[in-house]
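One structure is given here, and the rest of the page talks about it.
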Amino acid sequence: MKFTVSWLKDHLETTATTDEIVAAMTMAGLEVEEVIDPGAKLAAFSVAKIVEAVQHPNADRLRVCQVDTKDGRKEIVCGAPNARAGLVTIYAPIGAYVPGIGVTLEARPVRGVVSNGMLCSGAELEVDGDADGILELDLKLAVGTPAAQALGVADAVIDFEVTPNRPDWLGVAGIARDLAAAGVGRLTTRGVTPAPARIVSPVRVATEDESACPVFAARLVRGVRNGPSPAWLQQRLKAIGIKPRSALVDITNFLCFDRARPLHVYDAAKLKGVVRARLGKAGESFAALDGKTYAVTPEMCVIADDNGVLGLGGVIGGESSGCSEQTTDVLIESALFDPLRIFQTGRATGINTDARYRFERGVDPGFIVPGLDLATRMVLELCGGLASEEMVAGKIPGPPAPVIFDLDRVRTLAGLDVKPPRVRAILKALGFESEAHEGSFAKRIIVQPPSWRSDVQGRADIVEEVARIEGYDKLPANDPPRATGYRAPAASVGESRARIARRALAGAGYLECVTWSFCEKKHAALFGGGAEALLLANPIASDLDCMRPSALPNLLRAAQRNLDRGHGDALLFEAGPAWTGADETGQSRTVAAIRQPRPQRHWQGAPAPDLYAMKRDCMLVLSAIGAPMTALMAGPAAAPWQHPGRGGSLKIGNRVVAAFGDVHPRILAGLDVDGPALAFEIFVDLLPPPRAKATREKPALEKIDLMPLSRDFAFVVDDAVAAADLVRAAYGADKTLIEDVALFDVYRGPGVAEGKKSLAIEVRLQPREKTLADAEIEAVSSKIVASVAKATGGVLRG
């Protein structure tokens, strides 16, 4: 909803600045989204007058103009067909930014003649996109007058979000009422005096289905002159982005925004018989004012005469009965339509109009006839003519039900100590009526909400009205009471590990994602999920209908969206829940990460990350969160998403606690994700809890001055033996002296029997108390050989 400050002041007598008005709106619950200052956008532009315009020597469609500007006389090249001597228009100096074309002006030759500025059209200034040529202004305007002032757009425009329960805010008068109640000024909205009836209308109206159209009111005005609307009305509409059409149409648009009262006008000469609101019939259609033809269904409320459908009630009118410059007799419609039916009709047709926006939220039933009378009076004032009597079909609904209200309820519910006279004053300023409730406590009153406040249905609603006008900033700021000795509960082991994992992955260059806990069922099935018990009864979207078995599908699709937008090689991770098993009880905590490797093109070549890089990152996280690293055992790929032979798992005993490697091409195709892709997933809840910390003081770190030494071993083992098992066996041979074991070679070929392989390891020994003697080194080597032989069956390679 947009309005200008000057428009607001038609209903509110105030000296408040724009900033003060915006602040008051915010405190009263009106969420201001933007304040637009057209004067700032057009600050560089001003009024100028063309003194001379001659043909360009080198171009048939250009003219060289001598122009009087605020900067003196300038020579400007102009291509507008209406550029002529004596024309008053808008001038843009060198260096000005022209918003309509997105260009900053520079002095440059145009076909050999330097143009020292620009003469502007309405489209170039974004004030009128339809006019041809440069703007033609009032000849009385002085040279140098600011463009915003000359064009009548110097007024600030306030744009705010209207909540669905407050359709009265869709009119400037409703906004002024709330601001007046908040103390910003005095409400000056005038009442409506009906125009006297001078003729009897030959056109009658009716409503055949009061569930679709409870009230259909109309007046006919004969002898109108439908020309352009006056300048003030056009400026009002232009300022909020509404294009002026004609006086009759502009009046309806003005009252739609001024009083939140949608109206429609028909050319009475084009009507036949009774104009009625009824339900549509199968096979009917009509050409609408937007130039499209729409089919009508029996669920839609239409306005029709004996010739057929004239329009969709409360949504859009039709071309067949539209007003033009030739219109002399006009039928003005003011009606009430069922909000739900309006919403369904708008959604079915895809039509979005200001009328639909208001009717589907609910308009003021008490302003149906006053709104009609106000429109009639404006038509008489701007277009002339004689008005008929009021015609009302249907029954106007009464106001909302009264509420018995305890004045002390404001204190007990909102915590605000507002005196009873102040409560009643606030309610009166908002349009509520109140009177003492007989036979009850003195502080109890009967509150009658106004016809435009159908959302007020109980005592809590009235408390909210008083609180927002009194000021939410006056609400007491008190801490809730806490029990003696209260302390926040400590984080669980899983929560702590998830937090540490986030820090570790962020430090490794990954970006954290927070995706939905749902995914599409077919995607869940690719990762071993998709059980019927995990389907959502009411999903927020059709492709989010199943609890996810892993965070990987959402991460992979997020990476693909980045790749589609030119951001490849994304490193993404998420620490969050996943659901496995047959029902929702199988929730677990996981840490998942993915990567779509896209090496940079370089003449030296760039190594692509592989599954070992993902294993490294997986191990980094496991180490950070306190997993027992020495107990980890390597295993084959076991997860549904893994590519056989290009991934692996990490186990503690028989439990798989992590999986890593390439994502299978079949999985990527099912997700519509470009390959290759790498991933790992850690099942945090399957890790054993950390050991309890020792209560005694830790000994100081041992300082070792002795040089370490290393020995190499090559073992021949069966091809099926995992290298990790051999490394673990060697490491466990002597945990005091062996500091590290690293695999540095895998060999298959001549010299090694078929079905066998050679695994070469480097063992790093760290003496603790003295330099090791040869005999001690040999003793450790023997332990290593024996330990490997026992665990893997390996023998030293000869």
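Residue numbering restarts at 1 in every chain; chains get A, B, ... in the order shown in the structure tokens, and ligands count up from 1 in that same order.
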Need the shell around Leu340 (chain A): protein/DNA/RNA residues with any atom at most 12 Å away, counting only C-alpha atoms. Skip same-chain ones fewer than 6 positions apart. Format as an MDAnalysis selection string? chainID A and resid 211:213 299:301 314 346:347 356:362
- Just the residues within 9 Å of Tyr747 (chain A), please, counting only C-alpha atoms, with nothing from its chain fewer than 6 positions along; format it as a PyMOL selection string. chain A and resi 757-760
Exercise for review: Can you pull out every residue within 9 Å of region 642-645 of chain A, counting only C-alpha atoms, but drop anything in the same chain fewer than 4 positions away, and send it as a list in words?
Suggested key: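 Skipping anything fewer than 4 positions along the chain leaves Pro636, Ala637, Ala638, Ala659, Phe660, Gly661, Asp662, Val663, His664, Pro665, Ile667 and Ala679 of chain A.
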task = Among the residues of region 602-658 of chain A, find those DSSP assigns to helix (DSSP H, G or I) from the backbone and print them as a PyMOL selection string.
result = chain A and resi 611-624+629-631
| task | Tell me, as a ChimeraX atom specification, which residues lie within 7 Å of Ala592 (chain A), counting only C-alpha atoms; anything in the same chain fewer than 5 positions away does not count. | result | /A:551-552,573-575,680-682
Which residues, written as a PDB file with all heavy atoms, in the first residue's frame, have at least one atom at most 10 Å from Ile738 (chain A), with only C-alpha atoms counted and residues fewer than 6 positions away on the same chain left out?
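Ended up saving to selection17.pdb:
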```pdb
ATOM      1  N   PRO A 708      64.108 -38.257  17.041  1.00  0.00           N
ATOM      2  CA  PRO A 708      63.381 -39.461  16.636  1.00  0.00           C
ATOM      3  C   PRO A 708      64.126 -40.177  15.512  1.00  0.00           C
ATOM      4  O   PRO A 708      65.032 -39.626  14.884  1.00  0.00           O
ATOM      5  CB  PRO A 708      62.047 -38.895  16.164  1.00  0.00           C
ATOM      6  CG  PRO A 708      62.380 -37.524  15.666  1.00  0.00           C
ATOM      7  CD  PRO A 708      63.479 -37.010  16.569  1.00  0.00           C
ATOM      8  N   LEU A 709      63.759 -41.400  15.228  1.00  0.00           N
ATOM      9  CA  LEU A 709      64.317 -42.142  14.114  1.00  0.00           C
ATOM     10  C   LEU A 709      63.198 -42.922  13.459  1.00  0.00           C
ATOM     11  O   LEU A 709      62.128 -43.123  14.043  1.00  0.00           O
ATOM     12  CB  LEU A 709      65.411 -43.094  14.593  1.00  0.00           C
ATOM     13  CG  LEU A 709      64.988 -44.258  15.505  1.00  0.00           C
ATOM     14  CD1 LEU A 709      65.870 -45.464  15.233  1.00  0.00           C
ATOM     15  CD2 LEU A 709      65.120 -43.833  16.961  1.00  0.00           C
ATOM     16  N   SER A 710      63.403 -43.355  12.224  1.00  0.00           N
ATOM     17  CA  SER A 710      62.366 -44.067  11.489  1.00  0.00           C
ATOM     18  C   SER A 710      62.946 -45.331  10.868  1.00  0.00           C
ATOM     19  O   SER A 710      64.142 -45.418  10.564  1.00  0.00           O
ATOM     20  CB  SER A 710      61.761 -43.166  10.415  1.00  0.00           C
ATOM     21  OG  SER A 710      62.741 -42.791   9.470  1.00  0.00           O
ATOM     22  N   ALA A 730      50.802 -52.386  13.276  1.00  0.00           N
ATOM     23  CA  ALA A 730      52.166 -51.910  13.498  1.00  0.00           C
ATOM     24  C   ALA A 730      52.193 -50.868  14.608  1.00  0.00           C
ATOM     25  O   ALA A 730      53.089 -50.864  15.468  1.00  0.00           O
ATOM     26  CB  ALA A 730      52.738 -51.336  12.211  1.00  0.00           C
ATOM     27  N   TYR A 731      51.190 -49.986  14.639  1.00  0.00           N
ATOM     28  CA  TYR A 731      51.145 -48.931  15.649  1.00  0.00           C
ATOM     29  C   TYR A 731      50.985 -49.522  17.049  1.00  0.00           C
ATOM     30  O   TYR A 731      51.519 -49.002  18.030  1.00  0.00           O
ATOM     31  CB  TYR A 731      49.989 -47.973  15.350  1.00  0.00           C
ATOM     32  CG  TYR A 731      49.971 -46.736  16.206  1.00  0.00           C
ATOM     33  CD1 TYR A 731      50.765 -45.638  15.900  1.00  0.00           C
ATOM     34  CD2 TYR A 731      49.162 -46.659  17.337  1.00  0.00           C
ATOM     35  CE1 TYR A 731      50.768 -44.511  16.686  1.00  0.00           C
ATOM     36  CE2 TYR A 731      49.156 -45.542  18.137  1.00  0.00           C
ATOM     37  CZ  TYR A 731      49.959 -44.453  17.806  1.00  0.00           C
ATOM     38  OH  TYR A 731      49.955 -43.342  18.608  1.00  0.00           O
ATOM     39  N   GLY A 732      50.257 -50.629  17.152  1.00  0.00           N
ATOM     40  CA  GLY A 732      50.008 -51.215  18.453  1.00  0.00           C
ATOM     41  C   GLY A 732      51.124 -52.110  18.960  1.00  0.00           C
ATOM     42  O   GLY A 732      51.031 -52.630  20.089  1.00  0.00           O
ATOM     43  N   VAL A 763      57.760 -46.353  10.022  1.00  0.00           N
ATOM     44  CA  VAL A 763      57.463 -46.324  11.449  1.00  0.00           C
ATOM     45  C   VAL A 763      58.407 -45.321  12.105  1.00  0.00           C
ATOM     46  O   VAL A 763      59.626 -45.406  11.960  1.00  0.00           O
ATOM     47  CB  VAL A 763      57.641 -47.712  12.091  1.00  0.00           C
ATOM     48  CG1 VAL A 763      57.346 -47.640  13.585  1.00  0.00           C
ATOM     49  CG2 VAL A 763      56.736 -48.730  11.411  1.00  0.00           C
ATOM     50  N   ARG A 764      57.810 -44.373  12.816  1.00  0.00           N
ATOM     51  CA  ARG A 764      58.595 -43.321  13.480  1.00  0.00           C
ATOM     52  C   ARG A 764      58.697 -43.672  14.964  1.00  0.00           C
ATOM     53  O   ARG A 764      57.677 -43.814  15.645  1.00  0.00           O
ATOM     54  CB  ARG A 764      57.921 -41.970  13.286  1.00  0.00           C
ATOM     55  CG  ARG A 764      58.647 -40.789  13.908  1.00  0.00           C
ATOM     56  CD  ARG A 764      57.808 -39.530  13.707  1.00  0.00           C
ATOM     57  NE  ARG A 764      58.370 -38.375  14.360  1.00  0.00           N
ATOM     58  CZ  ARG A 764      59.148 -37.477  13.769  1.00  0.00           C
ATOM     59  NH1 ARG A 764      59.483 -37.644  12.497  1.00  0.00           N
ATOM     60  NH2 ARG A 764      59.606 -36.437  14.423  1.00  0.00           N
ATOM     61  N   LEU A 765      59.953 -43.798  15.453  1.00  0.00           N
ATOM     62  CA  LEU A 765      60.216 -44.121  16.855  1.00  0.00           C
ATOM     63  C   LEU A 765      60.712 -42.876  17.584  1.00  0.00           C
ATOM     64  O   LEU A 765      61.550 -42.139  17.058  1.00  0.00           O
ATOM     65  CB  LEU A 765      61.259 -45.238  16.964  1.00  0.00           C
ATOM     66  CG  LEU A 765      60.940 -46.556  16.237  1.00  0.00           C
ATOM     67  CD1 LEU A 765      62.103 -47.531  16.380  1.00  0.00           C
ATOM     68  CD2 LEU A 765      59.662 -47.173  16.758  1.00  0.00           C
ATOM     69  N   GLN A 766      60.185 -42.673  18.769  1.00  0.00           N
ATOM     70  CA  GLN A 766      60.593 -41.520  19.572  1.00  0.00           C
ATOM     71  C   GLN A 766      61.142 -42.013  20.916  1.00  0.00           C
ATOM     72  O   GLN A 766      60.396 -42.428  21.796  1.00  0.00           O
ATOM     73  CB  GLN A 766      59.413 -40.584  19.825  1.00  0.00           C
ATOM     74  CG  GLN A 766      59.752 -39.396  20.728  1.00  0.00           C
ATOM     75  CD  GLN A 766      60.830 -38.508  20.150  1.00  0.00           C
ATOM     76  OE1 GLN A 766      60.652 -37.921  19.108  1.00  0.00           O
ATOM     77  NE2 GLN A 766      61.991 -38.454  20.812  1.00  0.00           N
ATOM     78  N   PRO A 767      62.494 -41.967  21.078  1.00  0.00           N
ATOM     79  CA  PRO A 767      63.075 -42.349  22.378  1.00  0.00           C
ATOM     80  C   PRO A 767      62.571 -41.418  23.476  1.00  0.00           C
ATOM     81  O   PRO A 767      62.347 -40.225  23.254  1.00  0.00           O
ATOM     82  CB  PRO A 767      64.577 -42.181  22.149  1.00  0.00           C
ATOM     83  CG  PRO A 767      64.752 -42.225  20.667  1.00  0.00           C
ATOM     84  CD  PRO A 767      63.534 -41.616  20.092  1.00  0.00           C
ATOM     85  N   VAL A 780      62.123 -53.707  18.925  1.00  0.00           N
ATOM     86  CA  VAL A 780      60.884 -53.057  18.487  1.00  0.00           C
ATOM     87  C   VAL A 780      60.495 -53.534  17.094  1.00  0.00           C
ATOM     88  O   VAL A 780      59.319 -53.806  16.807  1.00  0.00           O
ATOM     89  CB  VAL A 780      61.041 -51.522  18.514  1.00  0.00           C
ATOM     90  CG1 VAL A 780      59.794 -50.851  17.940  1.00  0.00           C
ATOM     91  CG2 VAL A 780      61.281 -51.021  19.924  1.00  0.00           C
ATOM     92  N   ILE A 784      57.025 -55.330  15.782  1.00  0.00           N
ATOM     93  CA  ILE A 784      56.206 -54.835  14.670  1.00  0.00           C
ATOM     94  C   ILE A 784      55.898 -55.975  13.705  1.00  0.00           C
ATOM     95  O   ILE A 784      54.760 -56.176  13.271  1.00  0.00           O
ATOM     96  CB  ILE A 784      56.922 -53.676  13.954  1.00  0.00           C
ATOM     97  CG1 ILE A 784      56.993 -52.461  14.892  1.00  0.00           C
ATOM     98  CG2 ILE A 784      56.211 -53.322  12.647  1.00  0.00           C
ATOM     99  CD1 ILE A 784      57.861 -51.332  14.373  1.00  0.00           C
TER     100      ILE A 784
END
```
Note to self: List as an NGL selection string the protein and nucleic acid residues near Thr771 (chain A), meaning an atom at most 12 Å away when only C-alpha atoms are counted, but skip any in the same chain fewer than 2 places from it.
What the structure shows: :A and (704-709 or 737 or 765-769 or 773-777)
For the residues selected in the previous step, produce a file with N, CA and C atoms as an mmCIF file, in the first residue's frame.
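This is the output file part_1.cif:
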```
data_model
loop_
_atom_site.group_PDB
_atom_site.id
_atom_site.type_symbol
_atom_site.label_atom_id
_atom_site.label_comp_id
_atom_site.auth_asym_id
_atom_site.auth_seq_id
_atom_site.Cartn_x
_atom_site.Cartn_y
_atom_site.Cartn_z
ATOM 1 N N ILE A 704 60.897 -33.633 25.481
ATOM 2 C CA ILE A 704 61.817 -34.646 24.947
ATOM 3 C C ILE A 704 62.855 -33.947 24.073
ATOM 4 N N ASP A 705 64.114 -34.143 24.412
ATOM 5 C CA ASP A 705 65.200 -33.542 23.631
ATOM 6 C C ASP A 705 65.867 -34.542 22.690
ATOM 7 N N LEU A 706 65.446 -35.797 22.711
ATOM 8 C CA LEU A 706 66.086 -36.837 21.900
ATOM 9 C C LEU A 706 65.531 -36.842 20.488
ATOM 10 N N MET A 707 66.420 -37.093 19.516
ATOM 11 C CA MET A 707 66.025 -37.118 18.110
ATOM 12 C C MET A 707 65.228 -38.387 17.812
ATOM 13 N N PRO A 708 64.108 -38.257 17.041
ATOM 14 C CA PRO A 708 63.381 -39.461 16.636
ATOM 15 C C PRO A 708 64.126 -40.177 15.512
ATOM 16 N N LEU A 709 63.759 -41.400 15.228
ATOM 17 C CA LEU A 709 64.317 -42.142 14.114
ATOM 18 C C LEU A 709 63.198 -42.922 13.459
ATOM 19 N N LEU A 737 57.058 -46.384 22.343
ATOM 20 C CA LEU A 737 58.104 -45.869 21.463
ATOM 21 C C LEU A 737 57.593 -45.475 20.085
ATOM 22 N N LEU A 765 59.953 -43.798 15.453
ATOM 23 C CA LEU A 765 60.216 -44.121 16.855
ATOM 24 C C LEU A 765 60.712 -42.876 17.584
ATOM 25 N N GLN A 766 60.185 -42.673 18.769
ATOM 26 C CA GLN A 766 60.593 -41.520 19.572
ATOM 27 C C GLN A 766 61.142 -42.013 20.916
ATOM 28 N N PRO A 767 62.494 -41.967 21.078
ATOM 29 C CA PRO A 767 63.075 -42.349 22.378
ATOM 30 C C PRO A 767 62.571 -41.418 23.476
ATOM 31 N N ARG A 768 62.423 -41.959 24.684
ATOM 32 C CA ARG A 768 61.872 -41.169 25.771
ATOM 33 C C ARG A 768 62.944 -40.741 26.778
ATOM 34 N N GLU A 769 63.814 -41.696 27.164
ATOM 35 C CA GLU A 769 64.774 -41.404 28.240
ATOM 36 C C GLU A 769 66.212 -41.356 27.758
ATOM 37 N N ALA A 773 69.596 -48.128 21.654
ATOM 38 C CA ALA A 773 70.693 -48.963 21.147
ATOM 39 C C ALA A 773 70.168 -49.835 20.011
ATOM 40 N N ASP A 774 71.107 -50.386 19.220
ATOM 41 C CA ASP A 774 70.718 -51.225 18.088
ATOM 42 C C ASP A 774 69.833 -52.385 18.543
ATOM 43 N N ALA A 775 70.192 -52.978 19.677
ATOM 44 C CA ALA A 775 69.429 -54.125 20.153
ATOM 45 C C ALA A 775 67.981 -53.719 20.482
ATOM 46 N N GLU A 776 67.817 -52.540 21.041
ATOM 47 C CA GLU A 776 66.468 -52.075 21.371
ATOM 48 C C GLU A 776 65.655 -51.791 20.119
ATOM 49 N N ILE A 777 66.336 -51.262 19.108
ATOM 50 C CA ILE A 777 65.647 -50.998 17.835
ATOM 51 C C ILE A 777 65.220 -52.311 17.202
#
```
Exercise. List the neighbours of Leu572 (chain A) out to 10 Å using only C-alpha atoms; skip same-chain residues closer than 2 positions along the sequence, and give me the result as a ChimeraX atom specification.
Key: /A:505-506,509-513,552,555-556,558-559,569-570,574,592-596,679
When you draw a straight line from CA of Gln235 (chain A) to CA of Asp155 (chain A), how long is it in Å?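 Interatomic distance, CA of Gln235 (chain A) to CA of Asp155 (chain A): 10.0 Å.
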Could you produce a table of the residues of region 369-449 of chain A lying within 7 Å of region 169-184 of chain A, with the nearest pair of atoms per residue and their separation in Å rounded to one decimal, using only C-alpha atoms, ordered by chain and increasing residue number, as a Markdown table?
```
| residue | atom | partner | partner_atom | distance |
| --- | --- | --- | --- | --- |
| A:Ile426 | CA | A:Ala181 | CA | 6.3 |
| A:Ala429 | CA | A:Ala181 | CA | 5.1 |
| A:Leu430 | CA | A:Ala181 | CA | 6.2 |
```
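The space between CA of Asp354 (chain A) and CA of Gly100 (chain A) spans 25.7 Å.
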Considering only C-alpha atoms, tabulate each residue of region 471-522 of chain A that lies at most 9 Å from region 20-35 of chain A along with its nearest interatomic pair and the corresponding distance in Å to one decimal; arrange the rows by chain and ascending residue number and present them as JSON lines.
```
{"residue": "A:Gly471", "atom": "CA", "partner": "A:Met27", "partner_atom": "CA", "distance": 6.4}
{"residue": "A:Tyr472", "atom": "CA", "partner": "A:Met27", "partner_atom": "CA", "distance": 6.8}
{"residue": "A:Asp473", "atom": "CA", "partner": "A:Met27", "partner_atom": "CA", "distance": 7.9}
```
For the residues selected in the previous step, produce a file with N, CA, C and O atoms as a compact mmCIF listing (two decimals), in the first residue's frame.
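Result went into out-v7.txt, see below:
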```txt
# COMPACT_ATOMS: atom_id res chain seq x y z
N GLY A 471 1.31 2.56 23.11
CA GLY A 471 2.73 2.47 22.79
C GLY A 471 3.35 1.20 23.33
O GLY A 471 3.39 0.99 24.54
N TYR A 472 3.82 0.35 22.41
CA TYR A 472 4.50 -0.87 22.85
C TYR A 472 5.80 -0.55 23.59
O TYR A 472 6.30 -1.38 24.36
N ASP A 473 6.33 0.65 23.34
CA ASP A 473 7.56 1.02 24.04
C ASP A 473 7.33 1.24 25.53
O ASP A 473 8.29 1.34 26.31
```
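Among the candidate residues A:Ser588, A:Thr792, A:Ser649, A:Thr14, the one lying nearest to Val716 (chain A) is A:Thr792, with distances computed using only C-alpha atoms.
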Requested in this report: Step one, run DSSP on the backbone; step two, keep only residues of region 34-168 of chain A assigned to strand (DSSP E or B); then write them as a ChimeraX atom specification.
Outcome: /A:34-36,46-55,63-69,72-78,88-92,97-98,103-104,108-110,113-115,118-119,121,134,146,157-161
Of A:Pro57, A:Val98, A:Gln560, A:Met378, the one sitting nearest Ala123 (chain A) when using only C-alpha atoms is A:Val98
Students should find that CA of Val249 (chain A) and CA of Val157 (chain A) are spaced 22.2 Å
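Distance annotation: of A:Leu382, A:Ala393, A:Ile469, A:Ile332, the residue with the minimal separation from Pro228 (chain A) is A:Leu382; atom set is only C-alpha atoms.
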Query - Best match for closeness to Phe160 (chain A) among A:Arg497, A:Lys443, A:Lys2, A:Arg598, counting only C-alpha atoms - result: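 Going through A:Arg497, A:Lys443, A:Lys2, A:Arg598 one by one, the smallest distance to Phe160 (chain A) is for A:Lys2.
The smallest atom-to-atom distance between Ser121 (chain A) and any of A:Pro81, A:Gly313, A:Gly144, A:Gly280, using only C-alpha atoms, is found for A:Pro81.
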Nearest to Leu8 (chain A), chosen from A:Thr484, A:Thr189, A:Ser324, A:Ser492, with only C-alpha atoms counted in the distances: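 Answer, going by the shortest atom-to-atom distance: A:Thr189.
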